[in-house]
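A short worksheet on the structure shown next.
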Amino acid sequence: MSDEETLVQSLLNTAAWPHEVHDLRVIETHISWVFLTGEYAYKIKKPLKLSFLDFSTLELRRRWCAEELRLNSRWAPRLYIDVVPIAGSAREPEVGGTGAPIEYAVRMRQFPQSALLSERLANDLIDTKDMLELAEMIADRHGSAPVHREPHFGSGAAIAKPMRENFLYLEPSLDTDVLAELTRWTDQEIERSESVMDKRMRDGFVRACHGDLHLRNLVQLDDGIVAFDCVEFSDELRILDVISDLTFLAMDLIANGRSDLAWTSLNRYLEVSGDYAGMRLYGLYYVYHCLIRAKVDAIRASERGAGEERERDSDLEAMRHYSDVARHWIGRAEPALILMHGLSGSGKTWVSSRLLQSLDAVRIRSDIERKRIFGYEERASSGSAPGEGLYDADKSAATHRHLLDLAGHLLNGGHRVILDASFLNADERRRALALAADRGVPYVLVDVEAPPALLRARIEARQAERRDASEASLDVLEHQLQHSQALDQDTEGPVVHFTSRDDGDLKDLVRSIKALIAAAT
């Protein structure tokens, strides 16, 4: 038995610990051991030297433990405590001992494994509200992260290299035709995207991110979802485009059958950050993260020994699954433009929140973009009157131009787009229809209706609660009721009407939209 194996076995003895322990056990990963003691968890790095990390000496392990503590304190300050020396010997270790250290461990506050998002998702304990809060947290961390403009981190050439290297590991195990399809698509997208990646690096979107933002590195605590175990051992794997960091989470949700939650979190992140331009690279990063996971499974399968045939088959099945998730994106539905239409309080945003989940769409809200353009705080002190403040004619016209500009870029990137605004003016609707025609994509207008009394009641409740981005007041609604221009399906494209919030009616609405999109492609 090696010294490392001896140490692991000895640390499973309660006498090695300086405090009372409960249900002592160890979780092994490919680069570490994590000891669960009850109140605390201790992470010890394996003495490895791989192509992407070097933990081969005690001093290096000490340094990387300190770096793990420093970096993760940004993401999970309540979880990470300190770096603890282990003294004594491999046979009789003393965690926190005062003698010469034989090893080091990162000490964290322990949480139940059932709190991991991977476990909570498997037990259907994650909902839309969780995803909205998670997206806001990630956007906040990204927004305050250090910016890097060094070409070896964020340039197109630097990013393309690991993307292509994935295929070297997949070649021995993946079906030849599947491998060729994924390789060809990736090469084409890299060629189309390298200049975009270079520009985003120059513009400050390459930042010190998490680097491993998937469901098993997220935990739901009493005060919200926390990300932990960010990459500490490789700057190249942690310093990346913020959209790449976010895409890992979206991919993991979709791979686990929850595309609705993926698009909910993605859309909220975009609303908070305003980084709709990053969606130009979303597909490339999405496939890249799929193939990273497939590569890991392929490597694990290749390392299985005699008697591990079942485990090897499971690894290869997982590899094929992630490859199929990547292929599903490549063969995704064509882009389309969906235009919301309705008076203030009609429920357009409520409907569009459900549509983006079912249509895998990017939604752009006029209420949010209007404030982003003109520098207003998210919540004004009072609702704006018609023709004043946020809603004056010039600001409204500029907002609609901005919405169409963003939509055009997203359509160019192959995305389905929902424009969430009132669109009560016929000229504004026709400009949106012209945009869809110019891009050669299907167009559907969703007319959301409600009786005036209900509209007034909703606006009064919304203003009292002050929890919505819209600042439309009753005066704005009365102005809309008097001046909105009727729809003309002959000149403004296909219209689908929606009047209730019944789940069955929502499903019918989604089916109608999909049928209209399919008929136009």
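Just remember, in the structure tokens the first chain shown is A, the second B, etc., residues are 1-based per chain, and ligands are 1-based in the order shown.
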Need the shell around Asn72 in chain A: protein/DNA/RNA residues with any atom at most 9 Å away, counting only C-alpha atoms. Skip same-chain ones fewer than 3 positions apart. Format as a ChimeraX atom specification?
/A:67-69,75-77,79-80,210,227-232
Keeping only C-alpha atoms, take the residues you just selected and write them out as a PDB file, in the first residue's frame.
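Saved the output as again_6.pdb:
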```pdb
ATOM      1  CA  GLU A  67      -5.181  29.281  -4.119  1.00  0.00           C
ATOM      2  CA  GLU A  68      -8.349  27.194  -3.900  1.00  0.00           C
ATOM      3  CA  LEU A  69      -9.265  28.963  -0.665  1.00  0.00           C
ATOM      4  CA  TRP A  75     -17.984  32.387  -4.861  1.00  0.00           C
ATOM      5  CA  ALA A  76     -18.726  30.750  -1.506  1.00  0.00           C
ATOM      6  CA  PRO A  77     -17.309  32.801   1.401  1.00  0.00           C
ATOM      7  CA  LEU A  79     -18.300  27.567   2.921  1.00  0.00           C
ATOM      8  CA  TYR A  80     -14.523  27.988   2.725  1.00  0.00           C
ATOM      9  CA  HIS A 210     -15.662  29.723 -12.103  1.00  0.00           C
ATOM     10  CA  ALA A 227     -21.265  27.823  -6.372  1.00  0.00           C
ATOM     11  CA  PHE A 228     -18.183  26.099  -4.951  1.00  0.00           C
ATOM     12  CA  ASP A 229     -15.092  24.212  -6.141  1.00  0.00           C
ATOM     13  CA  CYS A 230     -14.126  26.621  -8.897  1.00  0.00           C
ATOM     14  CA  VAL A 231     -11.052  25.692 -10.953  1.00  0.00           C
ATOM     15  CA  GLU A 232      -7.916  26.741  -9.083  1.00  0.00           C
TER      16      GLU A 232
END
```
Non-local contacts of Val8 in chain A (12 Å; only C-alpha atoms; under 3 positions in same chain excluded) as number ranges by chain:
A: 1-5, 11-13, 16, 24-28, 32-35, 42-46, 86, 89-93, 103
Residue nearest Gly204 in chain A - candidates A:Ile254, A:Leu291, A:Leu48, A:Val147, atoms counted: only C-alpha atoms:
A:Val147
Using only C-alpha atoms, which protein or nucleic acid residues come within 12 Å of range 451-455 of chain A? Drop anything in the same chain fewer than 2 positions from it, and give the result as JSON, numbers by chain.
{"A": [342, 343, 344, 345, 346, 347, 348, 448, 449, 457, 458, 459, 460, 461, 462, 472, 473, 474, 475, 476, 477, 478, 480, 481, 482, 499, 500]}
For CA of Asp313 in chain A and CA of Ala115 in chain A, determine how far apart the two atoms are, in Å to one decimal place.
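Computed distance, CA of Asp313 in chain A to CA of Ala115 in chain A, equals 28.8 Å.
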Determine, counting only C-alpha atoms, which protein, DNA and RNA residues have an atom within 10 Å of an atom of range 211-219 of chain A; residues of the same chain fewer than 3 positions away are not included. Present the result as a ChimeraX atom specification.
/A:76,111-121,134,138,208,222,224-232,234-242,244-253,256,289
Dump as a short mmCIF file (atom, residue, chain, number, x, y, z; two decimals), in the first residue's frame, selection limited to C-alpha atoms:
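Output saved as again_9.cif:
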```
data_model
loop_
_atom_site.label_atom_id
_atom_site.label_comp_id
_atom_site.auth_asym_id
_atom_site.auth_seq_id
_atom_site.Cartn_x
_atom_site.Cartn_y
_atom_site.Cartn_z
CA ALA A 76 -18.73 30.75 -1.51
CA PHE A 111 -23.38 20.39 3.77
CA PRO A 112 -25.61 17.37 3.09
CA GLN A 113 -25.04 15.77 -0.29
CA SER A 114 -28.79 15.98 -0.82
CA ALA A 115 -28.35 19.78 -1.06
CA LEU A 116 -26.32 19.49 -4.27
CA LEU A 117 -28.29 20.78 -7.25
CA SER A 118 -27.61 17.52 -9.08
CA GLU A 119 -29.44 15.66 -6.29
CA ARG A 120 -32.20 18.22 -5.91
CA LEU A 121 -32.82 18.22 -9.64
CA LEU A 134 -28.96 31.48 -9.45
CA ILE A 138 -23.71 34.30 -11.45
CA ALA A 208 -11.73 35.26 -13.96
CA ASP A 222 -30.66 28.26 3.57
CA GLY A 224 -29.75 30.54 -1.60
CA ILE A 225 -27.74 28.60 -4.17
CA VAL A 226 -23.96 28.80 -3.85
CA ALA A 227 -21.26 27.82 -6.37
CA PHE A 228 -18.18 26.10 -4.95
CA ASP A 229 -15.09 24.21 -6.14
CA CYS A 230 -14.13 26.62 -8.90
CA VAL A 231 -11.05 25.69 -10.95
CA GLU A 232 -7.92 26.74 -9.08
CA SER A 234 -5.41 26.15 -14.27
CA ASP A 235 -5.76 29.78 -15.28
CA GLU A 236 -6.58 28.63 -18.81
CA LEU A 237 -9.62 26.66 -17.59
CA ARG A 238 -10.88 29.41 -15.28
CA ILE A 239 -10.15 32.63 -17.20
CA LEU A 240 -12.65 32.51 -20.05
CA ASP A 241 -15.53 34.27 -21.74
CA VAL A 242 -18.35 34.75 -19.24
CA SER A 244 -18.68 30.04 -21.81
CA ASP A 245 -18.86 29.82 -18.02
CA LEU A 246 -22.64 30.18 -18.05
CA THR A 247 -23.07 27.76 -20.95
CA PHE A 248 -21.62 24.89 -18.90
CA LEU A 249 -24.57 25.22 -16.50
CA ALA A 250 -27.12 25.49 -19.31
CA MET A 251 -25.66 22.42 -21.01
CA ASP A 252 -25.76 20.39 -17.79
CA LEU A 253 -29.40 21.26 -17.19
CA ASN A 256 -30.36 16.23 -17.47
CA HIS A 289 -18.83 21.76 -22.98
#
```
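Interatomic distance, CA of Ala361 in chain A against CA of Arg511 in chain A: 14.7 Å.
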Report as JSON lines: every residue of range 180-233 of chain A with an atom at most 12 Å from range 411-423 of chain A, its closest pair of atoms, and their distance in Å to one decimal, counting only C-alpha atoms, with rows sorted by chain and ascending residue number.
```
{"residue": "A:Glu189", "atom": "CA", "partner": "A:Gly413", "partner_atom": "CA", "distance": 10.9}
{"residue": "A:Arg192", "atom": "CA", "partner": "A:Gly413", "partner_atom": "CA", "distance": 10.7}
{"residue": "A:Ser193", "atom": "CA", "partner": "A:Gly413", "partner_atom": "CA", "distance": 10.5}
{"residue": "A:Val196", "atom": "CA", "partner": "A:Gly413", "partner_atom": "CA", "distance": 11.6}
```
All residues 8 Å or closer to range 503-509 of chain A, only C-alpha atoms, same chain fewer than 5 positions away omitted, as a list in words:
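Answer for this query is Val351, Arg354, Val496 and Phe498 of chain A.
If you count only C-alpha atoms and ignore residues fewer than 6 places along the chain from Asp427 in chain A, what sits within 10 Å of it is A:Leu433, A:Gln485, A:Glu492.
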Put those residues in a file: C-alpha atoms, as a PDB file, in the first residue's frame.
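This is the output file again_9.pdb:
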```pdb
ATOM      1  CA  LEU A 433     -42.155  41.847 -39.577  1.00  0.00           C
ATOM      2  CA  GLN A 485     -53.916  50.572 -33.331  1.00  0.00           C
ATOM      3  CA  GLU A 492     -48.703  42.277 -40.121  1.00  0.00           C
TER       4      GLU A 492
END
```
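Distance annotation: of A:Asp297, A:Glu334, A:Glu194, A:Glu309, the residue with the minimal separation from His321 in chain A is A:Asp297; atom set is only C-alpha atoms.
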What is the CA of Arg70 in chain A to CA of Phe52 in chain A distance in Å?
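Those two atoms sit 19.7 Å apart.
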Per DSSP on the backbone, filter range 222-408 of chain A down to the residues in strand (DSSP E) and report them as a ChimeraX atom specification.
/A:224-227,239-241,337-341,361-365
Restricting the output to N, CA and C atoms, write the selected residues as a compact mmCIF listing (two decimals), in the first residue's frame.
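The result, written out as part-v8.txt:
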```txt
# COMPACT_ATOMS: atom_id res chain seq x y z
N GLY A 224 -29.80 30.55 -0.14
CA GLY A 224 -29.75 30.54 -1.60
C GLY A 224 -28.75 29.54 -2.16
N ILE A 225 -28.64 29.52 -3.48
CA ILE A 225 -27.74 28.60 -4.17
C ILE A 225 -26.35 29.20 -4.21
N VAL A 226 -25.36 28.37 -3.92
CA VAL A 226 -23.96 28.80 -3.85
C VAL A 226 -23.13 27.92 -4.79
N ALA A 227 -22.21 28.56 -5.53
CA ALA A 227 -21.26 27.82 -6.37
C ALA A 227 -19.98 27.60 -5.59
N ILE A 239 -10.06 31.31 -16.58
CA ILE A 239 -10.15 32.63 -17.20
C ILE A 239 -10.70 32.45 -18.60
N LEU A 240 -11.96 32.81 -18.80
CA LEU A 240 -12.65 32.51 -20.05
C LEU A 240 -13.78 33.50 -20.27
N ASP A 241 -14.38 33.43 -21.43
CA ASP A 241 -15.53 34.27 -21.74
C ASP A 241 -16.65 33.95 -20.76
N LEU A 337 -38.85 34.72 -35.12
CA LEU A 337 -39.14 35.93 -34.34
C LEU A 337 -40.57 35.86 -33.85
N ILE A 338 -40.73 35.93 -32.52
CA ILE A 338 -42.05 35.91 -31.90
C ILE A 338 -42.27 37.28 -31.26
N LEU A 339 -43.34 37.94 -31.65
CA LEU A 339 -43.62 39.29 -31.17
C LEU A 339 -44.79 39.23 -30.19
N MET A 340 -44.57 39.72 -28.96
CA MET A 340 -45.66 39.83 -28.00
C MET A 340 -46.43 41.12 -28.28
N HIS A 341 -47.74 41.07 -28.06
CA HIS A 341 -48.59 42.25 -28.31
C HIS A 341 -49.67 42.28 -27.23
N ALA A 361 -36.03 29.85 -26.44
CA ALA A 361 -35.89 31.16 -27.07
C ALA A 361 -35.21 32.16 -26.15
N VAL A 362 -34.62 33.18 -26.75
CA VAL A 362 -34.07 34.32 -26.02
C VAL A 362 -35.11 35.42 -26.04
N ARG A 363 -35.48 35.88 -24.86
CA ARG A 363 -36.47 36.94 -24.75
C ARG A 363 -35.78 38.29 -24.47
N ILE A 364 -36.29 39.34 -25.11
CA ILE A 364 -35.81 40.70 -24.86
C ILE A 364 -37.00 41.52 -24.39
N ARG A 365 -36.90 42.07 -23.17
CA ARG A 365 -38.00 42.82 -22.58
C ARG A 365 -37.77 44.32 -22.75
```
